[in-house]
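To keep things clear, I will list the structure first and then write my remarks on it.
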Amino acid sequence: MGEAKRADLRVRFDGRIRLQFQGAKVTTDGGLLAVRELDEVLGLTELAEVTLADTRTGRNVQHDQVALLRQAVYSRLAGYEDTNDAERLAVDPAMRAVVGRRASDRPAASTNTVSRFETETLTHAENLAAWAQLNGAWVSRARNKTKSPRILLDLDSSESPVPGAQEESSYNGHFGCVCYHPLFCFNHYGDCEGAMLRPGHVHSAEGWQQLLAPAVARYRDSKLRKYLRADAAFAKPEVYEYLEREGFLYAMRLPSNEVLSRQIEPLLTRPVGRPPKRPIVWYHDFWYQAASWHRPRRVVAKVEWHCGELFPRVGFIVTNLRATPEEIVHFYNGRGTAEQWINGGSRLPQGKYALHWTRLSCHRFVANQVRLALFVLAYNLGNFLRRLALPESVRHWSLRSIQVKLIKIGAKVVRHARQVIFQMAEVAVSQELWGQVLGRIQALAPAPA
């Protein structure tokens, strides 16, 4: 595909330097080739053929749904969160190479095509109901490549501030802004098991069973040990009973009250003498039955006395685990990793700051539901790449590091009659490291029959 001849640009500090722009011959996203390889081996986006309904009725359909889904997901993983970016990505050689079998010979989908796909086709009632199934299938395929005797789920909510008057957005006093209030479920690998977009004013636990049920069903017949952690917003008797019926072990923070405080009254007396610099920590457990509970449950208390503080820090956890109180508190404190996956951590994949999945700028609520679902697929694809394909030397990379160092690799494209050669820049990722990544991905493929 040719480009119109344009005058070169020059810089003043060195007259020998000229700037030429050849978008169809050079790419800044060469790392998407590794993403596409992982997608192919796990068979992820091809599931759209049997999961999503094609509601398009026109005769002039140039891009199939799998190619459109790839373009929507890959572009978000590469940091392009708006469909407006498709105007340039349509001619980008890396995007053309990864979205479909014949895309390297013609442009990828335009902005209008991608926008219609996301706001019309994917918002159809049939497809809205299929999102949980599609994402669950992705998580299951990655889970099947991972050996572990347990599955640990974390429930948490977050805020997505909105730029205007989006449907169902409202002011949330806890977050102090006009926003949506999405709910997330993660497993201990960092994969997002599910996400639900909700109006901004709802309670943190609103819709918990609707979000959790597909993940619970996914592991119901497995022999895995099943665990769940959640904060005090989910400490409800109906949640405990549901998890107990499904064979889950759980630990949830319990809001403090006078009855709970009386159970640990001796621990609330300030220690005698000069307090040490390190906190004094006491643990205790007891059986407790709130008025709304059908039976008593085990509660673990942690009391911390800190130097320079007049009153102790007290926390309660309701649980059906049989471990020691200290072990249960340690297990619950690991819940903080889910918040890092949502909001961004220094060493863990980042949903909010790497992918900008809070950018829900469509007016219609249903369109924003689809945008969040696409961001979740992009996040999961990046997390699969991190934990299944990266060698040990770079396993600590966050999703942001994967974007900047692996996906954002410049490459010059040279086309021959039977070959397309990507001449990759070797800066953050060497040829040796690239070989290790591709080797690990190809090792995930099933052995030939």
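Ordering of the structure tokens sets the chain letters (A, B, ...), residue numbers begin anew at 1 in every chain, and ligands are numbered from 1 in the order given.
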Write out as a PyMOL selection string which residues come within 7 Å of Leu249 in chain A when counting only C-alpha atoms, dropping same-chain ones fewer than 6 positions away.
-> chain A and resi 226-228+320-321
Contact residues around Val98 in chain A with only C-alpha atoms at 12 Å, ignoring same-chain residues under 5 positions, as a short mmCIF file (atom, residue, chain, number, x, y, z; two decimals) with N, CA and C atoms, in the first residue's frame:
```cif
data_model
loop_
_atom_site.label_atom_id
_atom_site.label_comp_id
_atom_site.auth_asym_id
_atom_site.auth_seq_id
_atom_site.Cartn_x
_atom_site.Cartn_y
_atom_site.Cartn_z
N ASP A 29 4.68 -0.78 17.37
CA ASP A 29 4.04 -1.80 18.20
C ASP A 29 4.42 -3.21 17.75
N GLY A 30 5.71 -3.42 17.49
CA GLY A 30 6.16 -4.73 17.02
C GLY A 30 5.91 -5.85 18.02
N GLY A 31 5.82 -5.52 19.30
CA GLY A 31 5.58 -6.55 20.31
C GLY A 31 4.21 -7.20 20.23
N LEU A 32 3.30 -6.60 19.47
CA LEU A 32 1.99 -7.23 19.30
C LEU A 32 2.10 -8.58 18.60
N LEU A 33 3.20 -8.83 17.92
CA LEU A 33 3.40 -10.13 17.29
C LEU A 33 3.48 -11.24 18.34
N ALA A 34 4.11 -10.95 19.49
CA ALA A 34 4.15 -11.93 20.58
C ALA A 34 2.77 -12.12 21.19
N VAL A 35 2.02 -11.03 21.31
CA VAL A 35 0.64 -11.12 21.83
C VAL A 35 -0.21 -12.00 20.92
N ARG A 36 -0.06 -11.79 19.61
CA ARG A 36 -0.83 -12.58 18.65
C ARG A 36 -0.44 -14.05 18.70
N GLU A 37 0.84 -14.33 18.93
CA GLU A 37 1.31 -15.72 19.03
C GLU A 37 0.68 -16.41 20.25
N LEU A 38 0.64 -15.71 21.38
CA LEU A 38 0.02 -16.27 22.58
C LEU A 38 -1.47 -16.49 22.36
N ASP A 39 -2.12 -15.52 21.74
CA ASP A 39 -3.54 -15.64 21.41
C ASP A 39 -3.79 -16.88 20.55
N GLU A 40 -2.94 -17.10 19.57
CA GLU A 40 -3.09 -18.24 18.66
C GLU A 40 -2.93 -19.57 19.40
N THR A 45 -9.13 -15.34 20.96
CA THR A 45 -10.08 -14.51 20.21
C THR A 45 -10.91 -15.32 19.23
N VAL A 66 -13.87 -11.92 14.50
CA VAL A 66 -12.62 -12.25 15.20
C VAL A 66 -11.58 -11.17 14.96
N ALA A 67 -11.46 -10.72 13.70
CA ALA A 67 -10.49 -9.67 13.38
C ALA A 67 -10.84 -8.37 14.10
N LEU A 68 -12.12 -8.03 14.16
CA LEU A 68 -12.53 -6.81 14.85
C LEU A 68 -12.29 -6.90 16.35
N LEU A 69 -12.55 -8.08 16.92
CA LEU A 69 -12.29 -8.25 18.35
C LEU A 69 -10.80 -8.13 18.64
N ARG A 70 -9.97 -8.74 17.79
CA ARG A 70 -8.53 -8.61 17.98
C ARG A 70 -8.09 -7.16 17.93
N GLN A 71 -8.59 -6.43 16.96
CA GLN A 71 -8.19 -5.03 16.84
C GLN A 71 -8.62 -4.23 18.07
N ALA A 72 -9.84 -4.49 18.57
CA ALA A 72 -10.34 -3.77 19.73
C ALA A 72 -9.54 -4.10 20.98
N VAL A 73 -9.17 -5.37 21.15
CA VAL A 73 -8.44 -5.79 22.35
C VAL A 73 -6.96 -5.44 22.26
N TYR A 74 -6.32 -5.76 21.13
CA TYR A 74 -4.89 -5.49 20.99
C TYR A 74 -4.58 -4.00 21.08
N SER A 75 -5.43 -3.17 20.48
CA SER A 75 -5.17 -1.72 20.52
C SER A 75 -5.22 -1.21 21.95
N LEU A 89 -4.10 3.27 13.15
CA LEU A 89 -3.78 1.86 13.35
C LEU A 89 -4.20 1.01 12.15
N ALA A 90 -5.17 1.48 11.38
CA ALA A 90 -5.65 0.70 10.24
C ALA A 90 -4.54 0.42 9.23
N ASP A 92 -1.19 0.59 10.19
CA ASP A 92 0.02 0.18 10.90
C ASP A 92 0.36 -1.26 10.53
N PRO A 93 1.58 -1.53 10.11
CA PRO A 93 1.90 -2.88 9.63
C PRO A 93 1.78 -3.96 10.70
N ALA A 103 -5.11 -9.45 6.65
CA ALA A 103 -5.02 -8.03 6.97
C ALA A 103 -3.69 -7.42 6.56
N SER A 104 -2.64 -8.24 6.47
CA SER A 104 -1.34 -7.68 6.09
C SER A 104 -1.34 -7.19 4.65
N ASP A 105 -2.32 -7.64 3.85
CA ASP A 105 -2.42 -7.21 2.46
C ASP A 105 -3.37 -6.04 2.28
N PRO A 107 -5.71 -2.71 4.68
CA PRO A 107 -5.82 -2.03 5.97
C PRO A 107 -6.69 -2.80 6.96
N ALA A 108 -6.42 -2.59 8.23
CA ALA A 108 -7.32 -3.09 9.27
C ALA A 108 -8.57 -2.21 9.28
#
```
Neighbour list for range 129-140 of chain A as a ChimeraX atom specification, cut-off 8 Å, only C-alpha atoms, skip fewer than 5 positions in-chain = /A:44,47-48,51-52,191-194,214-215,218,373,377,380
With C-alpha atoms retained, write the just-selected residues as a PDB file, in the first residue's frame.
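Contents of selection.pdb, freshly written:
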```pdb
ATOM      1  CA  LEU A  44      -8.615 -16.967  22.701  1.00  0.00           C
ATOM      2  CA  LEU A  47     -13.781 -18.166  20.587  1.00  0.00           C
ATOM      3  CA  ALA A  48     -15.718 -15.127  19.380  1.00  0.00           C
ATOM      4  CA  THR A  51     -19.626 -16.942  21.543  1.00  0.00           C
ATOM      5  CA  LEU A  52     -20.609 -13.638  19.932  1.00  0.00           C
ATOM      6  CA  ASP A 191      -6.412 -12.785  36.067  1.00  0.00           C
ATOM      7  CA  CYS A 192      -9.700 -10.879  36.140  1.00  0.00           C
ATOM      8  CA  GLU A 193     -12.395 -13.544  36.584  1.00  0.00           C
ATOM      9  CA  GLY A 194     -15.154 -11.015  35.981  1.00  0.00           C
ATOM     10  CA  PRO A 214     -19.915 -17.698  36.783  1.00  0.00           C
ATOM     11  CA  ALA A 215     -16.541 -18.052  38.540  1.00  0.00           C
ATOM     12  CA  ARG A 218     -16.329 -22.677  36.685  1.00  0.00           C
ATOM     13  CA  ALA A 373     -15.436  -5.772  29.031  1.00  0.00           C
ATOM     14  CA  LEU A 377      -9.995  -8.885  27.917  1.00  0.00           C
ATOM     15  CA  ASN A 380      -6.168 -10.548  30.906  1.00  0.00           C
TER      16      ASN A 380
END
```
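The residue set within 10 Å of Arg278 in chain A, counting only C-alpha atoms and dropping same-chain residues fewer than 4 places from it, reads Trp305, His306 and Cys307 of chain A.
Near range 268-277 of chain A, within 12 Å and counting only C-alpha atoms, sit Leu260, Ser261, Arg262, Tyr283, His284, Ala301, Lys302, Val303, Glu304, Trp305, His306, Cys307, Gly308, Glu309, Leu310, Phe311, Pro312, Arg313, Val314 and Gly315 of chain A, not including residues fewer than 6 positions from it in the same chain.
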How would the residues just picked look written out with C-alpha atoms as a short mmCIF file (atom, residue, chain, number, x, y, z; two decimals), in the first residue's frame?
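Wrote it out as out.cif, contents follow:
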```
data_model
loop_
_atom_site.label_atom_id
_atom_site.label_comp_id
_atom_site.auth_asym_id
_atom_site.auth_seq_id
_atom_site.Cartn_x
_atom_site.Cartn_y
_atom_site.Cartn_z
CA LEU A 260 -17.15 -7.73 69.31
CA SER A 261 -15.16 -5.22 71.37
CA ARG A 262 -16.33 -6.83 74.64
CA TYR A 283 -4.29 -12.00 68.21
CA HIS A 284 -7.41 -13.65 69.55
CA ALA A 301 -9.28 -10.24 66.14
CA LYS A 302 -6.00 -8.38 65.68
CA VAL A 303 -5.00 -5.61 68.10
CA GLU A 304 -2.01 -3.38 67.34
CA TRP A 305 -0.48 -0.89 69.77
CA HIS A 306 1.72 1.63 67.95
CA CYS A 307 4.25 3.97 69.51
CA GLY A 308 2.85 7.51 69.82
CA GLU A 309 -0.79 6.45 69.39
CA LEU A 310 -3.21 6.65 72.30
CA PHE A 311 -5.67 3.99 71.09
CA PRO A 312 -5.04 0.60 69.48
CA ARG A 313 -5.81 -0.36 65.90
CA VAL A 314 -8.38 -3.13 66.00
CA GLY A 315 -9.61 -5.36 63.16
#
```
Give me the residues within 9 Å of range 325-337 of chain A as an MDAnalysis selection string, counting only C-alpha atoms and dropping any in the same chain fewer than 2 places off.
-> chainID A and resid 154:155 188 190 229:231 250:253 282:285 299:302 317 319 321:323 339:342 345 348
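Compared by their closest atoms to Ala233 in chain A, and using only C-alpha atoms, the residues A:Thr27, A:Ser157, A:Gln289, A:Pro279 rank with A:Ser157 nearest.
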Considering only C-alpha atoms, return as a count of residues only whatever protein or nucleic-acid residues lie within 9 Å of Gly439 in chain A, sequence-local ones (same chain, fewer than 5 positions apart) excluded.
-> 3
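Closest approach to Pro182 in chain A among A:Asn127, A:Gln369, A:Gln403, A:Gln431 is made by A:Gln369 (distances from only C-alpha atoms).
Interatomic distance, CA of Leu243 in chain A against CA of Gly351 in chain A: 27.0 Å.
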List every residue of range 182-395 of chain A that DSSP, applied to the backbone of this structure, places in strand (DSSP E or B), and write the result as an MDAnalysis selection string.
-> chainID A and resid 183:187 192:196 225:230 249:254 280:288 297:305 313:319
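The residue that comes closest to Leu381 in chain A, out of A:Asp156, A:Tyr80, A:Arg141, A:Ala86 and on the basis of only C-alpha atoms, is A:Arg141.
Among the candidate residues A:Val414, A:Val239, A:Met424, A:Leu183, the one lying nearest to Lys25 in chain A is A:Val414, with distances computed using only C-alpha atoms.
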